[in-house]
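Enquirer: This is input.txt (compact mmCIF, C-alpha atoms and all ligand atoms).
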# COMPACT_ATOMS: atom_id res chain seq x y z
CA MET A 175 -13.17 -26.52 -13.17
CA LYS A 176 -12.04 -22.91 -13.44
CA ASN A 177 -12.84 -20.67 -10.46
CA VAL A 178 -15.07 -17.76 -11.39
CA LEU A 179 -16.42 -15.03 -9.10
CA ASP A 180 -19.03 -12.33 -9.63
CA PHE A 181 -17.92 -8.72 -9.17
CA LEU A 182 -20.85 -6.29 -9.56
CA GLY A 183 -22.26 -8.38 -12.38
CA ILE A 184 -18.90 -9.07 -14.03
CA GLN A 185 -17.55 -12.63 -14.15
CA LEU A 186 -13.85 -12.88 -13.19
CA ALA A 187 -11.62 -15.94 -13.27
CA TYR A 188 -9.33 -16.29 -10.23
CA SER A 189 -7.11 -18.83 -8.47
CA ASP A 190 -5.71 -19.42 -4.98
CA GLU A 191 -2.56 -17.51 -5.94
CA VAL A 192 -4.19 -14.15 -6.64
CA PHE A 193 -5.85 -11.29 -4.76
CA ARG A 194 -9.64 -11.47 -4.84
CA PRO A 195 -11.76 -8.30 -5.00
CA THR A 196 -13.05 -7.04 -1.67
CA LEU A 197 -15.46 -4.56 -0.13
CA ILE A 198 -12.80 -1.93 -0.92
CA SER A 199 -12.79 -2.88 -4.60
CA GLU A 200 -16.58 -2.62 -4.72
CA ASN A 201 -16.58 0.83 -3.20
CA CYS A 202 -13.80 2.04 -5.52
CA ALA A 203 -15.86 0.84 -8.48
CA LYS A 204 -19.13 2.39 -7.31
CA LEU A 205 -17.77 5.73 -6.07
CA THR A 206 -15.32 6.60 -8.84
CA ASP A 207 -16.61 9.10 -11.37
CA PHE A 208 -15.31 7.44 -14.56
CA LYS A 209 -18.05 8.02 -17.20
CA ASP A 210 -16.54 9.32 -20.48
CA LYS A 211 -13.17 9.63 -18.74
CA CYS A 212 -9.72 8.35 -19.40
CA VAL A 213 -8.93 6.13 -16.40
CA LEU A 214 -5.87 4.37 -14.97
CA ASP A 215 -6.39 1.45 -12.55
CA LEU A 216 -3.11 1.35 -10.62
CA GLY A 217 -2.59 -2.02 -8.87
CA CYS A 218 -5.27 -3.76 -10.92
CA GLY A 219 -5.13 -7.27 -9.40
CA ILE A 220 -7.23 -9.62 -11.54
CA GLY A 221 -8.93 -6.62 -13.17
CA PRO A 222 -12.23 -5.91 -11.35
CA LEU A 223 -12.03 -2.12 -11.41
CA ALA A 224 -10.59 -1.71 -14.90
CA ILE A 225 -13.16 -4.09 -16.38
CA TYR A 226 -16.03 -2.47 -14.46
CA PHE A 227 -14.99 1.00 -15.72
CA ALA A 228 -14.61 -0.24 -19.31
CA LYS A 229 -17.99 -2.04 -19.25
CA ASN A 230 -19.84 0.91 -17.78
CA GLY A 231 -18.87 3.88 -19.89
CA ALA A 232 -15.27 4.98 -19.32
CA ARG A 233 -13.81 6.49 -22.53
CA GLN A 234 -10.51 4.67 -22.24
CA VAL A 235 -9.08 2.36 -19.56
CA SER A 236 -5.52 1.36 -18.71
CA ALA A 237 -4.58 -1.11 -15.97
CA CYS A 238 -1.20 -1.91 -14.48
CA ASP A 239 0.28 -4.05 -11.74
CA ILE A 240 3.69 -5.27 -10.59
CA PHE A 241 2.60 -8.92 -10.31
CA GLU A 242 2.74 -10.87 -13.59
CA LYS A 243 0.17 -13.43 -12.42
CA HIS A 244 -2.33 -10.58 -11.89
CA LEU A 245 -1.62 -9.14 -15.33
CA GLU A 246 -2.20 -12.56 -16.87
CA PHE A 247 -5.59 -12.84 -15.11
CA THR A 248 -6.53 -9.26 -16.07
CA ARG A 249 -5.76 -10.01 -19.74
CA ASN A 250 -7.90 -13.16 -19.66
CA ASN A 251 -10.68 -11.48 -17.71
CA ALA A 252 -10.76 -8.55 -20.15
CA LYS A 253 -11.21 -11.07 -22.99
CA LEU A 254 -13.86 -12.96 -21.02
CA ASN A 255 -15.81 -9.71 -20.62
CA GLU A 256 -15.10 -8.48 -24.16
CA VAL A 257 -13.56 -5.16 -23.15
CA ASP A 258 -10.61 -3.41 -24.70
CA ILE A 259 -8.17 -2.32 -21.98
CA GLU A 260 -4.50 -1.41 -22.13
CA ILE A 261 -2.77 -3.75 -19.63
CA PHE A 262 0.89 -3.36 -18.66
CA TYR A 263 3.54 -4.17 -16.07
CA SER A 264 4.51 -1.25 -13.85
CA ASP A 265 6.04 -0.80 -10.41
CA LEU A 266 3.64 1.96 -9.34
CA PHE A 267 4.17 4.72 -11.98
CA SER A 268 7.50 3.39 -13.32
CA ASN A 269 6.09 2.46 -16.77
CA VAL A 270 3.19 4.91 -16.92
CA LYS A 271 3.67 7.26 -19.87
CA GLU A 272 0.27 8.96 -20.31
CA LYS A 273 -1.83 11.36 -18.25
CA TYR A 274 -5.34 10.46 -17.08
CA ASP A 275 -8.57 12.18 -15.98
CA VAL A 276 -8.88 9.70 -13.13
CA ILE A 277 -6.38 7.45 -11.41
CA CYS A 278 -8.05 4.85 -9.23
CA CYS A 279 -5.58 3.26 -6.88
CA ASP A 280 -6.25 0.30 -4.61
CA VAL A 281 -2.63 -0.68 -4.18
CA SER A 282 -1.51 -2.86 -1.24
CA GLY A 283 -2.12 -0.65 1.81
CA VAL A 284 -2.07 -3.08 4.71
CA ASP A 285 0.74 -3.82 7.20
CA LYS A 286 2.59 -6.82 5.73
CA ARG A 287 2.07 -8.88 8.92
CA VAL A 288 -1.71 -8.32 8.74
CA ALA A 289 -1.71 -9.05 4.99
CA GLU A 290 -0.06 -12.42 5.68
CA MET A 291 -2.01 -13.31 8.80
CA THR A 292 -5.46 -12.65 7.31
CA GLY A 293 -4.78 -14.49 4.05
CA TRP A 294 -5.98 -11.40 2.13
CA PHE A 295 -2.74 -11.39 0.12
CA PRO A 296 -2.03 -15.05 -0.70
CA GLY A 297 1.47 -16.41 -1.41
CA ASP A 298 3.51 -14.16 -3.68
CA VAL A 299 1.00 -11.31 -4.03
CA PRO A 300 3.10 -8.14 -3.46
CA LYS A 301 2.51 -6.55 -0.07
CA ALA A 302 3.22 -3.20 1.57
CA ASP A 303 5.95 -3.01 4.23
CA GLU A 304 5.29 -3.17 7.98
CA THR A 305 4.01 0.43 8.04
CA GLY A 306 1.35 -0.56 5.49
CA SER A 307 1.73 2.89 3.92
CA ASN A 308 4.97 2.87 1.86
CA LEU A 309 3.27 2.25 -1.51
CA ILE A 310 0.43 4.70 -0.91
CA LEU A 311 2.86 7.46 0.13
CA LYS A 312 4.85 6.92 -3.06
CA VAL A 313 1.69 7.06 -5.18
CA LEU A 314 0.68 10.33 -3.48
CA ASP A 315 4.15 11.78 -4.13
CA GLU A 316 4.06 10.98 -7.85
CA ALA A 317 0.41 11.04 -8.95
CA GLN A 318 0.28 14.74 -9.93
CA SER A 319 2.56 14.17 -12.92
CA PHE A 320 0.12 11.61 -14.36
CA LEU A 321 -3.12 13.59 -14.01
CA ASN A 322 -4.70 15.78 -16.68
CA GLU A 323 -5.73 19.26 -15.59
CA GLY A 324 -8.84 18.95 -13.41
CA GLY A 325 -8.14 15.25 -12.92
CA ASN A 326 -8.30 13.36 -9.65
CA LEU A 327 -6.74 10.50 -7.78
CA ASN A 328 -9.05 8.15 -5.88
CA ILE A 329 -6.98 6.23 -3.38
CA ALA A 330 -8.06 3.47 -0.98
CA THR A 331 -6.55 3.28 2.51
CA THR A 332 -6.97 1.14 5.60
CA SER A 333 -6.30 1.63 9.29
CA PHE A 334 -3.72 -1.20 9.01
CA SER A 335 -1.29 1.46 7.80
CA ASP A 336 0.18 4.74 8.99
CA MET A 337 -2.93 6.88 8.40
CA THR A 338 -1.37 9.99 9.94
CA ALA A 339 1.49 9.91 7.42
CA ILE A 340 -1.00 9.30 4.59
CA GLU A 341 -3.32 12.15 5.59
CA ASP A 342 -0.36 14.53 6.03
CA LYS A 343 0.92 13.57 2.57
CA ILE A 344 -2.50 14.16 1.00
CA SER A 345 -2.59 17.69 2.48
CA GLU A 346 0.98 18.35 1.33
CA LYS A 347 0.43 17.20 -2.26
CA PHE A 348 -3.18 18.15 -3.07
CA LEU A 349 -5.16 21.36 -2.63
CA ASN A 350 -8.47 19.52 -2.35
CA SER A 351 -9.31 16.23 -0.79
CA GLU A 352 -12.44 14.58 0.47
CA VAL A 353 -13.31 11.25 2.01
CA LEU A 354 -15.75 9.61 -0.42
CA ILE A 355 -16.56 6.86 2.05
CA LYS A 356 -15.47 5.67 5.47
CA ILE A 357 -16.53 2.20 6.59
CA GLU A 358 -15.94 0.56 9.94
CA VAL A 359 -15.46 -3.09 9.01
CA PRO A 360 -16.09 -5.78 11.66
CA PHE A 361 -13.13 -8.05 12.40
CA SER A 362 -13.03 -11.50 10.83
CA LYS A 363 -12.55 -14.53 13.08
CA ARG A 364 -8.86 -14.64 12.16
CA LEU A 365 -8.31 -10.98 13.08
CA LYS A 366 -10.05 -11.50 16.44
CA GLU A 367 -7.82 -14.50 17.17
CA ASN A 368 -4.69 -12.44 16.46
CA LEU A 369 -5.58 -9.32 18.40
CA GLN A 370 -2.35 -9.43 20.43
CA PHE A 371 -0.27 -8.91 17.25
CA LEU A 372 -2.17 -5.83 16.10
CA ASN A 373 -1.18 -2.24 16.68
CA LYS A 374 -3.86 -0.73 18.96
CA ASP A 375 -4.19 2.34 16.70
CA SER A 376 -5.21 0.14 13.77
CA TYR A 377 -8.65 -0.73 15.09
CA LYS A 378 -11.58 0.50 17.14
CA LYS A 379 -13.22 -1.40 19.96
CA ILE A 380 -16.91 -0.74 20.50
CA GLY A 381 -18.35 -2.77 23.37
CA GLY A 382 -17.07 -6.29 22.74
CA ASP A 383 -16.71 -5.78 18.97
CA PHE A 384 -13.66 -4.79 16.91
CA PHE A 385 -13.53 -2.83 13.68
CA TRP A 386 -10.84 -1.74 11.20
CA ILE A 387 -11.44 1.33 9.06
CA PHE A 388 -11.47 1.71 5.29
CA LYS A 389 -11.38 5.22 3.76
CA LEU A 390 -11.51 6.15 0.10
CA PHE A 391 -10.00 9.57 -0.62
CA LYS A 392 -10.61 11.73 -3.68
CA CYS A 393 -7.63 14.07 -4.23
CA SER A 394 -7.39 16.91 -6.75
CA ASN A 395 -5.91 20.35 -7.35
C1 LIG B 1 -5.27 -4.71 -2.49
S1 LIG B 1 -4.84 -5.43 -4.03
C2 LIG B 1 -6.11 -4.70 -5.02
C3 LIG B 1 -6.24 -5.30 -6.37
C4 LIG B 1 -7.42 -4.76 -7.19
N1 LIG B 1 -7.36 -3.34 -7.32
C5 LIG B 1 -8.73 -5.19 -6.58
O1 LIG B 1 -9.53 -4.30 -6.26
O2 LIG B 1 -8.98 -6.39 -6.46
C6 LIG B 1 -3.38 -4.51 -4.37
C7 LIG B 1 -2.76 -4.67 -5.73
O3 LIG B 1 -1.59 -3.85 -5.80
C8 LIG B 1 -0.58 -4.56 -6.51
N2 LIG B 1 0.73 -3.99 -6.17
C9 LIG B 1 1.45 -4.16 -5.04
N3 LIG B 1 2.60 -3.48 -5.12
C10 LIG B 1 2.60 -2.84 -6.32
C11 LIG B 1 3.52 -1.99 -6.99
N4 LIG B 1 4.69 -1.64 -6.43
N5 LIG B 1 3.20 -1.52 -8.22
C12 LIG B 1 2.02 -1.87 -8.80
N6 LIG B 1 1.11 -2.68 -8.22
C13 LIG B 1 1.40 -3.17 -7.00
C14 LIG B 1 -0.77 -6.00 -6.08
O4 LIG B 1 -0.17 -6.91 -6.98
C15 LIG B 1 -2.28 -6.10 -6.05
O5 LIG B 1 -2.76 -6.44 -7.31
So, in terms of structure tokens, how does the structure I just supplied come out?

Expert:
Amino acid sequence: MKNVLDFLGIQLAYSDEVFRPTLISENCAKLTDFKDKCVLDLGCGIGPLAIYFAKNGARQVSACDIFEKHLEFTRNNAKLNEVDIEIFYSDLFSNVKEKYDVICCDVSGVDKRVAEMTGWFPGDVPKADETGSNLILKVLDEAQSFLNEGGNLNIATTSFSDMTAIEDKISEKFLNSEVLIKIEVPFSKRLKENLQFLNKDSYKKIGGDFFWIFKLFKCSN
């Protein structure tokens, strides 16, 4: 039987070879101001954000990813949910031709070793490098050229990346930025078991408990 998961009321087919939506995806969906807007979902995975935006009142939605398997699932999931989305292959902005009111970006932003060890990014799902921040920094460098006037980039980050480099880049590239949400996420069993491999700056210890940090930034000019 086909695997199907529920994402904020939307049914999405998935398999063991693809990235499954997370707490980060849910917060990106809920906190992005997309109503009546032209939106790009950059790094769409199996399509949760793009389909959520299209179902709930975005004017027009495009979704892209570098991983063909994800694009295949996004196409099928768009059909399953009867939404009309433009879906295309792109290495970050390499094939993006239009400008958007909102770019929502939950691209791989986790140190490759953590991505592999946790099982968050199964098999061939494209990962960031060992800084965790290479893809996000590139998006921040290039996003301006793909935003309409008054538009904004919402970008998800984790403490399993070089957050100092990311925050410096946000200040360099955008006049305005705010943190839409910051969540301290308790460690899974697997993270706890692999504590010795983690960079100490990537988590917080409170009493006997460990937390990594997710932040969603809204950037505009
Ligand atoms: C953390 S997952 C998030 C997926 C989806 N947004 C979600 O919420 O489930 C990161 C996504 O970025 C994609 N990705 C990684 N490197 C990329 C690149 N260079 N260009 C475009 N997408 C990329 C991965 O294939 C994956 O779909």

Enquirer: Could you report the residues within 7 Å of ligand LIG 1 (chain B), using all atoms listed in the file, as a PyMOL selection string?

Expert: chain A and resi 193-196+198-199+216-223+238-241+244+264-266+279-283+299-302+309

Enquirer: Neighbours of Ala232 in chain A within 10 Å (all atoms listed in the file; same-chain residues fewer than 5 positions away dropped), as a list in words?

Expert: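 Once the nearby chain positions are removed, what remains is Asp207, Phe208, Lys209, Asp210, Lys211, Cys212, Val213, Ala224, Ile225, Tyr226 and Phe227 of chain A.
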
Enquirer: Would you pick out the contacts of Lys356 in chain A at 9 Å or less, using all atoms listed in the file, so that residues sharing its chain but fewer than 6 positions from it are not included, and give the list as a PyMOL selection string?

Expert: chain A and resi 387-390

Enquirer: Neighbours of range 359-368 of chain A within 8 Å (only C-alpha atoms; same-chain residues fewer than 3 positions away dropped), as a PDB file with C-alpha atoms, in the coordinates of the input?

Expert:
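Output (around01.pdb):
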ATOM      1  CA  MET A 291      -2.010 -13.310   8.800  1.00  0.00           C
ATOM      2  CA  THR A 292      -5.460 -12.650   7.310  1.00  0.00           C
ATOM      3  CA  PHE A 371      -0.270  -8.910  17.250  1.00  0.00           C
ATOM      4  CA  LEU A 372      -2.170  -5.830  16.100  1.00  0.00           C
ATOM      5  CA  ASP A 383     -16.710  -5.780  18.970  1.00  0.00           C
ATOM      6  CA  PHE A 384     -13.660  -4.790  16.910  1.00  0.00           C
ATOM      7  CA  PHE A 385     -13.530  -2.830  13.680  1.00  0.00           C
ATOM      8  CA  TRP A 386     -10.840  -1.740  11.200  1.00  0.00           C
ATOM      9  CA  ILE A 387     -11.440   1.330   9.060  1.00  0.00           C
ATOM     10  CA  PHE A 388     -11.470   1.710   5.290  1.00  0.00           C
TER      11      PHE A 388
END

Enquirer: Find the axis-aligned box for range 267-276 of chain A, covering all its listed atoms and adding 6 Å on each side, and write its centre and edge lengths in Å to one decimal as AutoDock Vina command-line options.

Expert:
--center_x -0.7 --center_y 7.3 --center_z -16.1 --size_x 28.4 --size_y 21.7 --size_z 20.3

Enquirer: Quick check, in Å to one decimal: how far apart do CA of Asp315 in chain A and CA of Lys347 in chain A lie?

Expert: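 These two atoms are separated by 6.8 Å.
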
Enquirer: Using only C-alpha atoms and a cutoff of 9 Å, can you tell me which residues are near (-7.4, 12.1, -5.6) in the file's coordinates, and write them out as a list of chain:residue names?

Expert: A:Val276, A:Ile277, A:Cys278, A:Leu314, A:Ala317, A:Gly325, A:Asn326, A:Leu327, A:Asn328, A:Ile329, A:Ile344, A:Phe348, A:Asn350, A:Ser351, A:Glu352, A:Phe391, A:Lys392, A:Cys393, A:Ser394, A:Asn395

Enquirer: Between CA of Glu290 in chain A and CA of Val270 in chain A, what distance in Å does the model show, to one decimal?

Expert: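 About the pair CA of Glu290 in chain A and CA of Val270 in chain A: they are 28.7 Å apart.
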